[in-house]
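In what follows, a structure is listed as structure tokens, so that the remarks can point back to it.
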Protein chains: 2
Amino acid sequence: VRVYLDNNATTMVDPQVKEAMEPFFSQQYGDPNALHYGASELSQPLQDALERIYATLNASHDDSVVITSGSEESNNWVMMHTYFDQILSGEKNHILLSEVESPSIIKAAKFLESKGARITLLPVNSDGIIEAHTLKDFITPKTALVSINWVNRESGAIFPIEHIAYFCEQKGVPFHTDATHAMGKIPMSLKDNAIDYLSFDAHLFHGPKGVGGLYMRKGKELSPMLHGDNQMDGMRAGMLNTPAIVGMGKAMELAFDAMDFEMQDAKELLEEFEEALEEIEGVQILSPTNRRVANTLCVSFDGIDSEAMLWDLNLAGIATSKGTIEPSSLVFALSRFTTEEEMEYTLEAVKKALKRLRGISTYEA
Amino acid sequence: VRVYLDNNATTMVDPQVKEAMEPFFSQQYGDPNALHYGASELSQPLQDALERIYATLNASHDDSVVITSGSEESNNWVMMHTYFDQILSGEKNHILLSEVESPSIIKAAKFLESKGARITLLPVNSDGIIEAHTLKDFITPKTALVSINWVNRESGAIFPIEHIAYFCEQKGVPFHTDATHAMGKIPMSLKDNAIDYLSFDAHLFHGPKGVGGLYMRKGKELSPMLHGDNQMDGMRAGMLNTPAIVGMGKAMELAFDAMDFEMQDAKELLEEFEEALEEIEGVQILSPTNRRVANTLCVSFDGIDSEAMLWDLNLAGIATSKGTIEPSSLVFALSRFTTEEEMEYTLEAVKKALKRLRGISTYEA
């Protein structure tokens with residue numbers, strides 16, 4: 001038995017996505033920026049993929065969506081070039097983050113701190129989120145950037161990003177959101193909000209690994225991180241990765257089409273699982289009840305180390321991941337491919353593991 | 001008819017490489033750094049691919065080979081973090097390059113110039129290369145980096161990189177080479193030379209797009225460009241792109257195995273093509289006669305604009321690219337898949353195009 005519930009780490013490439021990528025490895029493999037047939041035959045598939053991405057984000061064509069190697073590149077780009085464009089000159093000196101940002105944001109911030117930037121990490125409230133009004137005591141005239149994730153990887157909590165973006169716009173501070181765990185899970189409309197920068201990554205919504213993007217609102221373009229040839233209008237050098245871009249376009253289409261239908265199944269499966277867990281003694285649900293994405297449940301098991309539980313589940317063929325909210329927390333992250341049988345099997349495996357691990361625990365005590 | 005002679009822009013993914021990548025899209029797709037079966041099943045294939053890369057470079061396991069999204073990322077990393085690690089503090093101020101570096105090096109240098117770095121572009125000699133002794137008048141006590149490509153994309157000229165690296169080592173200046181167009185075409189042994197940093201890119205040797213690497217000698221490690229989770233020992237964040245890494249490992253194996261055998265065919269085909277071209281009036285071979293890679297020939301056609309020639313060849317189904325050495329130069333870049341029939345067809349197409357374009361040219365004069 002294999003039950004994959006680690007979909008907030010990475011996901012399976014949807015077989016339809018893989019099929020869409022297929023022709024671009026060994027048949028239509030040319031440089032899309034060349035001056036021969038090897039380029040012209042790629043123009044339509046690439047155009048279609050980019051159109052799909054703009055449509056999904058509901059972004060204006062005046063804005064830039066630059067393809068990157070993934071959200072870590074997008075996040076580091078925003079951090080590093082906020083430094084180059086605003087902080088190095090002394091114009092600004094400060095970046096404001098939540099304490100639950102991804103490691104790519106937090107560690108880039110630590111690096112920039114060593115180069116003279118001032119960093120503030122905002123704590124989350126009891127719901128695990130940050131409200132827009134919390135920011136007001138922390139934004140200074142020297143704040144160059146606010147960056148807050150749209151959805152938290154571990155808890156699945158949805159942050160009030162539109163409010164926060166609007167608040168930052170009022171204060172005149174550029175706002176970035178890492179939407180890695182939001183993309184394909186909640187609707188987005190960049191035409192209707194004030195987000196300046198948004199990072200995303202295909203491998204979290206059944207697209208290929210090694211490809212993602214950075215949205216930049218018109219007038220807020222950062223200096224390039226990867227300088228070079230004029231790919232992506234000179235904003236990101238590197239041979240265009242046609243199969244990956246086509247795959248990401250297809251994956252976005254499928255994810256957003258599935259949001260109302262298939263993800264609904266995952267939501268119901270997860271709610272049933274949650275209800276069953278709540279009946280077990282010493283099990284705490286750490287994900288918020290409301291305002292969370294459909295696929296994610298963070299759970300802690302009193303007195304049990306999460307690695308022990310993770311390993312017992314792994315031996316039963318179930319892939320999950322550790323949380324960091326508490327030492328005993330585990331993240332169950334479903335996908336639109338998760339089945340009822342898989343969740344029933346998982347529930348039984350959790351009960352069995354609990355019994356075994358508590359037995360050991362009692363014995364040792 | 002389709003004849004692909006643009007292999008210095010990008011190459012076909014070798015069908016054997018594609019086959020090796022196959023299982024890692026929709027079957028074994030997990031996070032290699034996870035704590036469950038989805039990681040353990042990837043450990044051997046990833047280990048094998050990395051071993052192959054170390055073996056091909058003949059690099060010590062004490063040194064670092066960090067997987068990146070390609071040579072543009074590797075090149076920008078070296079440039080940007082030479083700035084962060086040595087120039088920003090005022091310790092050093094200078095970077096020395098050849099004038100024929102790739103756009104990713106040249107444009108990164110221009111960016112750093114705007115941030116206070118001093119850049120020198122060394123001109124190449126009449127053979128299109130730079131000799132080690134030329135550097136001595138340009139290295140200063142404030143030089144933070146020398147970066148010179150191993151093989152030039154357009155001319156195929158091989159630079160005396162081992163000598164240059166040794167010279168830089170004597171002077172105590174870190175040395176980087178962009179080996180994008182050398183990898184798989186000439187033997188390399190990093191254990192036996194003084195190169196500190198080396199960039200490479202899989203899509204130039206029949207591997208997938210979106211993956212490459214940066215070699216860093218022990219003790220010369222740069223600060224990370226992509227901060228985040230502890231992938232690649234904390235040196236480059238981002239979900240490991242298993243299919244791409246496995247594909248690059250396989251592509252390296254095939255390229256280095258083919259160097260003596262199949263590339264020999266390309267070399268002979270290209271030499272025959274060269275001899276036939278030399279018999280045509282007004283055709284100049286711009287590639288050096290000796291010390292060049294087997295697959296590349298840069299040619300100029302007196303009085304003919306290279307775009308016109310490129311377009312005539314494209315209409316005949318032949319993909320080539322423009323050179324920048326002269327306005328009339330064209331680059332013919334073969335691969336181990338190029339056939340005798342293809343080169344005979346190309347020769348006839350070149351003759352036909354020359355006749356047509358010179359006819360127009362005479363008419364218009």
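Identifiers in this document derive from the order of the structure tokens: chains are assigned A, B, ..., residues are numbered from 1 separately in each chain, and ligands are numbered from 1 in order of occurrence.
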
Contacts of Ser321 in chain A at 9 Å (only C-alpha atoms; same-chain gap of 5+ positions) as a list in words: Leu5, Asp6, Asn8, Ala9, Ser306, Glu307, Leu310, Ser329, Leu330, Val331, Phe332 and Ala333 of chain A; Ala34, Leu35 and His36 of chain B

If you run DSSP on this backbone, which residues of range 150-285 of chain B come out as alpha helix (DSSP H), and could you give them as a short mmCIF file (atom, residue, chain, number, x, y, z; two decimals) with N, CA and C atoms, in the first residue's frame?
data_model
loop_
_atom_site.label_atom_id
_atom_site.label_comp_id
_atom_site.auth_asym_id
_atom_site.auth_seq_id
_atom_site.Cartn_x
_atom_site.Cartn_y
_atom_site.Cartn_z
N ILE B 161 42.59 27.34 -20.62
CA ILE B 161 42.01 27.60 -19.30
C ILE B 161 42.89 27.06 -18.17
N GLU B 162 43.53 25.90 -18.37
CA GLU B 162 44.40 25.37 -17.31
C GLU B 162 45.55 26.34 -17.01
N HIS B 163 46.15 26.91 -18.07
CA HIS B 163 47.23 27.89 -17.87
C HIS B 163 46.72 29.13 -17.14
N ILE B 164 45.57 29.60 -17.60
CA ILE B 164 45.00 30.82 -17.01
C ILE B 164 44.68 30.57 -15.53
N ALA B 165 44.11 29.38 -15.25
CA ALA B 165 43.76 29.05 -13.86
C ALA B 165 45.02 29.00 -12.99
N TYR B 166 46.05 28.39 -13.53
CA TYR B 166 47.32 28.28 -12.79
C TYR B 166 47.90 29.68 -12.53
N PHE B 167 47.85 30.52 -13.55
CA PHE B 167 48.34 31.89 -13.42
C PHE B 167 47.58 32.64 -12.31
N CYS B 168 46.26 32.49 -12.32
CA CYS B 168 45.43 33.16 -11.30
C CYS B 168 45.76 32.62 -9.91
N GLU B 169 45.96 31.32 -9.81
CA GLU B 169 46.31 30.72 -8.53
C GLU B 169 47.61 31.34 -8.00
N GLN B 170 48.61 31.49 -8.89
CA GLN B 170 49.89 32.11 -8.51
C GLN B 170 49.68 33.52 -7.97
N LYS B 171 48.73 34.22 -8.59
CA LYS B 171 48.44 35.61 -8.20
C LYS B 171 47.49 35.69 -7.00
N THR B 242 14.37 15.85 -9.46
CA THR B 242 14.91 14.51 -9.68
C THR B 242 15.02 14.12 -11.16
N PRO B 243 13.92 14.26 -11.96
CA PRO B 243 14.08 13.82 -13.36
C PRO B 243 15.21 14.57 -14.06
N ALA B 244 15.34 15.87 -13.81
CA ALA B 244 16.36 16.67 -14.48
C ALA B 244 17.77 16.26 -14.03
N ILE B 245 17.93 15.98 -12.74
CA ILE B 245 19.26 15.62 -12.23
C ILE B 245 19.67 14.25 -12.78
N VAL B 246 18.72 13.30 -12.74
CA VAL B 246 19.00 11.98 -13.30
C VAL B 246 19.31 12.10 -14.79
N GLY B 247 18.54 12.94 -15.48
CA GLY B 247 18.75 13.14 -16.92
C GLY B 247 20.12 13.75 -17.20
N MET B 248 20.53 14.71 -16.38
CA MET B 248 21.84 15.34 -16.59
C MET B 248 22.96 14.32 -16.37
N GLY B 249 22.82 13.49 -15.35
CA GLY B 249 23.83 12.46 -15.09
C GLY B 249 23.97 11.52 -16.28
N LYS B 250 22.83 11.09 -16.81
CA LYS B 250 22.84 10.18 -17.96
C LYS B 250 23.44 10.89 -19.18
N ALA B 251 23.07 12.15 -19.39
CA ALA B 251 23.56 12.90 -20.55
C ALA B 251 25.08 13.08 -20.48
N MET B 252 25.60 13.30 -19.27
CA MET B 252 27.05 13.44 -19.11
C MET B 252 27.75 12.15 -19.45
N GLU B 253 27.19 11.05 -18.95
CA GLU B 253 27.77 9.74 -19.24
C GLU B 253 27.84 9.52 -20.75
N LEU B 254 26.72 9.78 -21.44
CA LEU B 254 26.67 9.56 -22.89
C LEU B 254 27.62 10.50 -23.63
N ALA B 255 27.66 11.76 -23.19
CA ALA B 255 28.50 12.74 -23.89
C ALA B 255 29.97 12.38 -23.77
N PHE B 256 30.38 12.00 -22.56
CA PHE B 256 31.80 11.70 -22.38
C PHE B 256 32.18 10.36 -23.01
N ASP B 257 31.23 9.39 -23.00
CA ASP B 257 31.49 8.14 -23.71
C ASP B 257 31.60 8.40 -25.21
N ALA B 258 30.81 9.37 -25.68
CA ALA B 258 30.74 9.62 -27.13
C ALA B 258 31.88 10.48 -27.63
N GLU B 262 31.55 9.02 -31.30
CA GLU B 262 30.57 9.71 -32.13
C GLU B 262 30.99 11.13 -32.49
N MET B 263 31.59 11.88 -31.53
CA MET B 263 32.00 13.24 -31.85
C MET B 263 33.06 13.22 -32.94
N GLN B 264 33.80 12.13 -33.02
CA GLN B 264 34.78 11.96 -34.08
C GLN B 264 34.09 12.06 -35.46
N ASP B 265 32.90 11.45 -35.55
CA ASP B 265 32.14 11.54 -36.79
C ASP B 265 31.78 12.99 -37.09
N ALA B 266 31.29 13.69 -36.09
CA ALA B 266 30.91 15.10 -36.28
C ALA B 266 32.13 15.89 -36.75
N LYS B 267 33.28 15.62 -36.13
CA LYS B 267 34.52 16.31 -36.49
C LYS B 267 34.86 16.11 -37.97
N GLU B 268 34.76 14.84 -38.41
CA GLU B 268 35.08 14.55 -39.81
C GLU B 268 34.08 15.20 -40.76
N LEU B 269 32.79 15.10 -40.41
CA LEU B 269 31.76 15.74 -41.24
C LEU B 269 32.02 17.24 -41.35
N LEU B 270 32.40 17.84 -40.22
CA LEU B 270 32.59 19.29 -40.20
C LEU B 270 33.84 19.67 -41.01
N GLU B 271 34.87 18.85 -40.93
CA GLU B 271 36.09 19.16 -41.69
C GLU B 271 35.86 19.06 -43.20
N GLU B 272 35.08 18.05 -43.59
CA GLU B 272 34.72 17.94 -45.02
C GLU B 272 33.93 19.17 -45.47
N PHE B 273 32.98 19.56 -44.65
CA PHE B 273 32.14 20.73 -44.93
C PHE B 273 33.02 21.97 -45.05
N GLU B 274 33.96 22.10 -44.13
CA GLU B 274 34.88 23.25 -44.11
C GLU B 274 35.70 23.30 -45.40
N GLU B 275 36.26 22.15 -45.79
CA GLU B 275 37.08 22.10 -47.02
C GLU B 275 36.26 22.52 -48.24
N ALA B 276 35.03 22.02 -48.30
CA ALA B 276 34.18 22.36 -49.45
C ALA B 276 33.86 23.86 -49.45
N LEU B 277 33.63 24.42 -48.27
CA LEU B 277 33.32 25.85 -48.18
C LEU B 277 34.51 26.70 -48.60
N GLU B 278 35.69 26.22 -48.22
CA GLU B 278 36.91 26.99 -48.53
C GLU B 278 37.14 27.12 -50.04
#

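Counting only C-alpha atoms, every residue of chain A that comes within 6 Å of chain B is listed here: A:Met12, A:Val13, A:Phe25, A:Ser26, A:Tyr29, A:His36, A:Glu72, A:Asn76, A:Pro103, A:Ser104, A:Lys107, A:Ala108, A:Lys209, A:Gly210, A:Leu226, A:His227, A:Gly228, A:Asp229, A:Gly238, A:Asn241, A:Asn314, A:Ala319.
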
Export of prior selection with C-alpha atoms as a PDB file, in the first residue's frame:
ATOM      1  CA  MET A  12       2.811  13.919  -8.587  1.00  0.00           C
ATOM      2  CA  VAL A  13       3.013  15.302 -12.114  1.00  0.00           C
ATOM      3  CA  PHE A  25      12.061  16.934 -25.077  1.00  0.00           C
ATOM      4  CA  SER A  26      13.284  15.163 -28.213  1.00  0.00           C
ATOM      5  CA  TYR A  29      13.498  21.034 -28.629  1.00  0.00           C
ATOM      6  CA  HIS A  36      14.489  29.386 -37.511  1.00  0.00           C
ATOM      7  CA  GLU A  72      12.713  29.647  -4.002  1.00  0.00           C
ATOM      8  CA  ASN A  76      15.101  35.130  -3.216  1.00  0.00           C
ATOM      9  CA  PRO A 103      12.850  29.100   4.748  1.00  0.00           C
ATOM     10  CA  SER A 104      13.721  30.794   1.434  1.00  0.00           C
ATOM     11  CA  LYS A 107      17.164  32.702   5.309  1.00  0.00           C
ATOM     12  CA  ALA A 108      17.447  35.342   2.581  1.00  0.00           C
ATOM     13  CA  LYS A 209       9.610  20.403 -10.717  1.00  0.00           C
ATOM     14  CA  GLY A 210      12.118  23.137 -11.587  1.00  0.00           C
ATOM     15  CA  LEU A 226      19.637  36.308 -13.610  1.00  0.00           C
ATOM     16  CA  HIS A 227      21.193  38.718 -16.104  1.00  0.00           C
ATOM     17  CA  GLY A 228      21.965  37.683 -19.672  1.00  0.00           C
ATOM     18  CA  ASP A 229      20.190  37.177 -22.956  1.00  0.00           C
ATOM     19  CA  GLY A 238      18.283  31.222 -19.273  1.00  0.00           C
ATOM     20  CA  ASN A 241      12.466  25.430 -20.576  1.00  0.00           C
ATOM     21  CA  ASN A 314       5.831   5.275   6.608  1.00  0.00           C
ATOM     22  CA  ALA A 319       3.924   9.468   3.325  1.00  0.00           C
TER      23      ALA A 319
END

Filtered DSSP result for range 39-272 of chain B, state strand (DSSP E or B), as a PyMOL selection string: chain B and resi 64-68+94-98+118-122+143-147+151+157-158+175-178+197-201+212-216

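Counting from CA of Pro187 in chain B, the distance to CA of Gly323 in chain B is 25.8 Å.
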
Do a neighbour search on Ser126 in chain A at 12 Å with only C-alpha atoms, toss out local chain neighbours closer than 3 positions, and write the hits as a ChimeraX atom specification. /A:123,129-131,157,286-288

Could you check which of B:Met216, B:Ser155, B:Lys142, B:Lys351 is closest to Cys298 in chain B, using only C-alpha atoms? B:Ser155

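Straight-line separation from CA of Gly172 in chain B to CA of Lys92 in chain B: 12.6 Å.
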
Fewer than 3 positions away in the same chain doesn't count, so skip those; otherwise give me all residues within 8 Å of Val124 in chain A, counting only C-alpha atoms, as a VMD selection string. chain A and resid 98 to 100 127 to 130

Writing out the chosen residues with all heavy atoms as a PDB file, in the first residue's frame:
ATOM      1  N   SER A  98       6.416  37.861   8.123  1.00  0.00           N
ATOM      2  CA  SER A  98       5.818  37.077   9.205  1.00  0.00           C
ATOM      3  C   SER A  98       6.853  36.069   9.687  1.00  0.00           C
ATOM      4  O   SER A  98       7.771  35.710   8.946  1.00  0.00           O
ATOM      5  CB  SER A  98       4.563  36.348   8.719  1.00  0.00           C
ATOM      6  OG  SER A  98       4.899  35.088   8.195  1.00  0.00           O
ATOM      7  N   GLU A  99       6.689  35.617  10.915  1.00  0.00           N
ATOM      8  CA  GLU A  99       7.637  34.633  11.471  1.00  0.00           C
ATOM      9  C   GLU A  99       7.434  33.247  10.870  1.00  0.00           C
ATOM     10  O   GLU A  99       8.262  32.367  11.070  1.00  0.00           O
ATOM     11  CB  GLU A  99       7.478  34.549  12.991  1.00  0.00           C
ATOM     12  CG  GLU A  99       6.087  34.068  13.385  1.00  0.00           C
ATOM     13  CD  GLU A  99       5.910  33.778  14.873  1.00  0.00           C
ATOM     14  OE1 GLU A  99       6.876  33.913  15.631  1.00  0.00           O
ATOM     15  OE2 GLU A  99       4.776  33.416  15.252  1.00  0.00           O
ATOM     16  N   VAL A 100       6.344  33.061  10.104  1.00  0.00           N
ATOM     17  CA  VAL A 100       6.070  31.732   9.540  1.00  0.00           C
ATOM     18  C   VAL A 100       6.306  31.682   8.025  1.00  0.00           C
ATOM     19  O   VAL A 100       5.771  30.817   7.328  1.00  0.00           O
ATOM     20  CB  VAL A 100       4.624  31.251   9.863  1.00  0.00           C
ATOM     21  CG1 VAL A 100       4.458  31.083  11.369  1.00  0.00           C
ATOM     22  CG2 VAL A 100       3.577  32.201   9.294  1.00  0.00           C
ATOM     23  N   ASP A 127      -4.951  32.415  15.765  1.00  0.00           N
ATOM     24  CA  ASP A 127      -5.464  31.664  14.613  1.00  0.00           C
ATOM     25  C   ASP A 127      -4.342  31.274  13.646  1.00  0.00           C
ATOM     26  O   ASP A 127      -4.601  30.700  12.586  1.00  0.00           O
ATOM     27  CB  ASP A 127      -6.504  32.491  13.841  1.00  0.00           C
ATOM     28  CG  ASP A 127      -7.781  32.697  14.656  1.00  0.00           C
ATOM     29  OD1 ASP A 127      -8.097  31.816  15.483  1.00  0.00           O
ATOM     30  OD2 ASP A 127      -8.445  33.732  14.453  1.00  0.00           O
ATOM     31  N   GLY A 128      -3.118  31.666  13.998  1.00  0.00           N
ATOM     32  CA  GLY A 128      -1.993  31.316  13.133  1.00  0.00           C
ATOM     33  C   GLY A 128      -1.820  32.232  11.940  1.00  0.00           C
ATOM     34  O   GLY A 128      -1.113  31.899  10.996  1.00  0.00           O
ATOM     35  N   ILE A 129      -2.473  33.395  11.983  1.00  0.00           N
ATOM     36  CA  ILE A 129      -2.365  34.326  10.849  1.00  0.00           C
ATOM     37  C   ILE A 129      -1.945  35.716  11.340  1.00  0.00           C
ATOM     38  O   ILE A 129      -1.748  35.939  12.539  1.00  0.00           O
ATOM     39  CB  ILE A 129      -3.698  34.438  10.063  1.00  0.00           C
ATOM     40  CG1 ILE A 129      -4.824  34.962  10.976  1.00  0.00           C
ATOM     41  CG2 ILE A 129      -4.072  33.101   9.443  1.00  0.00           C
ATOM     42  CD1 ILE A 129      -6.015  35.489  10.234  1.00  0.00           C
ATOM     43  N   ILE A 130      -1.815  36.627  10.384  1.00  0.00           N
ATOM     44  CA  ILE A 130      -1.521  38.029  10.690  1.00  0.00           C
ATOM     45  C   ILE A 130      -2.633  38.875  10.093  1.00  0.00           C
ATOM     46  O   ILE A 130      -3.018  38.666   8.940  1.00  0.00           O
ATOM     47  CB  ILE A 130      -0.135  38.409  10.109  1.00  0.00           C
ATOM     48  CG1 ILE A 130       0.962  37.839  11.027  1.00  0.00           C
ATOM     49  CG2 ILE A 130       0.017  39.924   9.962  1.00  0.00           C
ATOM     50  CD1 ILE A 130       2.347  37.976  10.491  1.00  0.00           C
TER      51      ILE A 130
END

Polymer residues at most 9 Å from Pro174 in chain A, only C-alpha atoms, same-chain spacing of 6 or more positions, as a PyMOL selection string: chain A and resi 143-147+165+168+195-197+220

Resulting file, chosen residues, all heavy atoms, as a PDB file, in the first residue's frame:
ATOM      1  N   THR A 143      10.757  51.310   5.471  1.00  0.00           N
ATOM      2  CA  THR A 143      10.415  49.935   5.102  1.00  0.00           C
ATOM      3  C   THR A 143      10.400  49.791   3.579  1.00  0.00           C
ATOM      4  O   THR A 143       9.651  50.478   2.888  1.00  0.00           O
ATOM      5  CB  THR A 143       9.052  49.519   5.694  1.00  0.00           C
ATOM      6  OG1 THR A 143       9.107  49.686   7.119  1.00  0.00           O
ATOM      7  CG2 THR A 143       8.723  48.067   5.378  1.00  0.00           C
ATOM      8  N   ALA A 144      11.225  48.867   3.072  1.00  0.00           N
ATOM      9  CA  ALA A 144      11.363  48.674   1.628  1.00  0.00           C
ATOM     10  C   ALA A 144      10.418  47.609   1.099  1.00  0.00           C
ATOM     11  O   ALA A 144      10.093  47.592  -0.084  1.00  0.00           O
ATOM     12  CB  ALA A 144      12.805  48.275   1.303  1.00  0.00           C
ATOM     13  N   LEU A 145       9.968  46.693   1.982  1.00  0.00           N
ATOM     14  CA  LEU A 145       9.167  45.548   1.526  1.00  0.00           C
ATOM     15  C   LEU A 145       8.446  44.913   2.706  1.00  0.00           C
ATOM     16  O   LEU A 145       9.005  44.811   3.800  1.00  0.00           O
ATOM     17  CB  LEU A 145      10.094  44.478   0.897  1.00  0.00           C
ATOM     18  CG  LEU A 145       9.422  43.211   0.344  1.00  0.00           C
ATOM     19  CD1 LEU A 145       8.721  43.508  -0.983  1.00  0.00           C
ATOM     20  CD2 LEU A 145      10.440  42.080   0.157  1.00  0.00           C
ATOM     21  N   VAL A 146       7.197  44.487   2.434  1.00  0.00           N
ATOM     22  CA  VAL A 146       6.493  43.581   3.341  1.00  0.00           C
ATOM     23  C   VAL A 146       6.289  42.279   2.572  1.00  0.00           C
ATOM     24  O   VAL A 146       5.869  42.306   1.411  1.00  0.00           O
ATOM     25  CB  VAL A 146       5.135  44.157   3.781  1.00  0.00           C
ATOM     26  CG1 VAL A 146       4.337  43.124   4.584  1.00  0.00           C
ATOM     27  CG2 VAL A 146       5.323  45.437   4.588  1.00  0.00           C
ATOM     28  N   SER A 147       6.613  41.133   3.188  1.00  0.00           N
ATOM     29  CA  SER A 147       6.417  39.840   2.522  1.00  0.00           C
ATOM     30  C   SER A 147       5.728  38.873   3.476  1.00  0.00           C
ATOM     31  O   SER A 147       6.253  38.569   4.557  1.00  0.00           O
ATOM     32  CB  SER A 147       7.769  39.274   2.065  1.00  0.00           C
ATOM     33  OG  SER A 147       7.571  38.000   1.475  1.00  0.00           O
ATOM     34  N   ALA A 165      -2.367  43.568   1.488  1.00  0.00           N
ATOM     35  CA  ALA A 165      -1.835  44.247   0.291  1.00  0.00           C
ATOM     36  C   ALA A 165      -2.407  45.659   0.191  1.00  0.00           C
ATOM     37  O   ALA A 165      -1.683  46.624  -0.104  1.00  0.00           O
ATOM     38  CB  ALA A 165      -2.178  43.446  -0.962  1.00  0.00           C
ATOM     39  N   CYS A 168      -0.740  47.885   2.724  1.00  0.00           N
ATOM     40  CA  CYS A 168       0.622  48.266   2.296  1.00  0.00           C
ATOM     41  C   CYS A 168       0.562  49.323   1.197  1.00  0.00           C
ATOM     42  O   CYS A 168       1.367  50.256   1.177  1.00  0.00           O
ATOM     43  CB  CYS A 168       1.395  47.042   1.808  1.00  0.00           C
ATOM     44  SG  CYS A 168       1.831  45.916   3.149  1.00  0.00           S
ATOM     45  N   ILE A 195      -1.592  43.428  -4.628  1.00  0.00           N
ATOM     46  CA  ILE A 195      -0.341  42.663  -4.503  1.00  0.00           C
ATOM     47  C   ILE A 195       0.649  43.148  -5.566  1.00  0.00           C
ATOM     48  O   ILE A 195       0.297  43.270  -6.735  1.00  0.00           O
ATOM     49  CB  ILE A 195      -0.632  41.153  -4.677  1.00  0.00           C
ATOM     50  CG1 ILE A 195      -1.488  40.649  -3.517  1.00  0.00           C
ATOM     51  CG2 ILE A 195       0.659  40.353  -4.815  1.00  0.00           C
ATOM     52  CD1 ILE A 195      -2.074  39.257  -3.731  1.00  0.00           C
ATOM     53  N   ASP A 196       1.879  43.449  -5.153  1.00  0.00           N
ATOM     54  CA  ASP A 196       2.897  43.899  -6.112  1.00  0.00           C
ATOM     55  C   ASP A 196       3.712  42.743  -6.676  1.00  0.00           C
ATOM     56  O   ASP A 196       4.098  42.767  -7.847  1.00  0.00           O
ATOM     57  CB  ASP A 196       3.838  44.902  -5.442  1.00  0.00           C
ATOM     58  CG  ASP A 196       3.112  46.162  -5.028  1.00  0.00           C
ATOM     59  OD1 ASP A 196       2.411  46.735  -5.887  1.00  0.00           O
ATOM     60  OD2 ASP A 196       3.208  46.558  -3.850  1.00  0.00           O
ATOM     61  N   TYR A 197       4.024  41.755  -5.814  1.00  0.00           N
ATOM     62  CA  TYR A 197       4.843  40.608  -6.233  1.00  0.00           C
ATOM     63  C   TYR A 197       4.202  39.337  -5.694  1.00  0.00           C
ATOM     64  O   TYR A 197       3.734  39.316  -4.549  1.00  0.00           O
ATOM     65  CB  TYR A 197       6.268  40.702  -5.659  1.00  0.00           C
ATOM     66  CG  TYR A 197       6.947  42.024  -5.910  1.00  0.00           C
ATOM     67  CD1 TYR A 197       7.203  42.909  -4.852  1.00  0.00           C
ATOM     68  CD2 TYR A 197       7.323  42.395  -7.193  1.00  0.00           C
ATOM     69  CE1 TYR A 197       7.813  44.130  -5.075  1.00  0.00           C
ATOM     70  CE2 TYR A 197       7.936  43.618  -7.428  1.00  0.00           C
ATOM     71  CZ  TYR A 197       8.175  44.482  -6.368  1.00  0.00           C
ATOM     72  OH  TYR A 197       8.774  45.682  -6.595  1.00  0.00           O
ATOM     73  N   LYS A 220       6.482  48.204 -10.827  1.00  0.00           N
ATOM     74  CA  LYS A 220       7.165  47.688  -9.637  1.00  0.00           C
ATOM     75  C   LYS A 220       8.237  46.654 -10.009  1.00  0.00           C
ATOM     76  O   LYS A 220       8.697  45.901  -9.151  1.00  0.00           O
ATOM     77  CB  LYS A 220       6.149  47.016  -8.689  1.00  0.00           C
ATOM     78  CG  LYS A 220       5.046  47.934  -8.171  1.00  0.00           C
ATOM     79  CD  LYS A 220       5.587  49.001  -7.235  1.00  0.00           C
ATOM     80  CE  LYS A 220       4.485  49.885  -6.679  1.00  0.00           C
ATOM     81  NZ  LYS A 220       3.805  49.346  -5.509  1.00  0.00           N
TER      82      LYS A 220
END

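If you look at CA of Val66 in chain B and CA of Ala179 in chain B, they are 14.6 Å away from each other.
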
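If you count only C-alpha atoms and ignore residues fewer than 5 places along the chain from Ala316 in chain B, what sits within 10 Å of it is B:Val1, B:Arg2, B:Val3, B:Leu310, B:Trp311, B:Tyr345, B:Thr346, B:Ala349, B:Val350, B:Ala353.
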
Written file, previous selection with N, CA and C atoms, as a short mmCIF file (atom, residue, chain, number, x, y, z; two decimals), in the first residue's frame:
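Result file result_38.cif:
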data_model
loop_
_atom_site.label_atom_id
_atom_site.label_comp_id
_atom_site.auth_asym_id
_atom_site.auth_seq_id
_atom_site.Cartn_x
_atom_site.Cartn_y
_atom_site.Cartn_z
N VAL B 1 12.50 18.29 -45.18
CA VAL B 1 13.86 18.07 -44.63
C VAL B 1 14.06 18.96 -43.41
N ARG B 2 14.65 18.41 -42.40
CA ARG B 2 15.01 19.18 -41.22
C ARG B 2 16.43 18.83 -40.80
N VAL B 3 17.29 19.84 -40.81
CA VAL B 3 18.69 19.63 -40.41
C VAL B 3 18.97 20.61 -39.28
N LEU B 310 20.74 33.01 -43.09
CA LEU B 310 20.07 32.19 -42.09
C LEU B 310 18.64 31.87 -42.55
N TRP B 311 17.98 32.88 -43.11
CA TRP B 311 16.58 32.70 -43.49
C TRP B 311 16.45 31.79 -44.71
N TYR B 345 23.52 17.86 -47.84
CA TYR B 345 22.34 18.69 -48.15
C TYR B 345 22.59 20.15 -47.77
N THR B 346 23.23 20.35 -46.61
CA THR B 346 23.50 21.71 -46.14
C THR B 346 24.47 22.43 -47.08
N ALA B 349 22.63 23.55 -50.06
CA ALA B 349 21.72 24.65 -49.70
C ALA B 349 22.50 25.96 -49.53
N VAL B 350 23.68 25.88 -48.95
CA VAL B 350 24.52 27.08 -48.78
C VAL B 350 24.89 27.63 -50.16
N ALA B 353 21.87 29.23 -51.77
CA ALA B 353 21.53 30.50 -51.10
C ALA B 353 22.52 31.58 -51.50
#
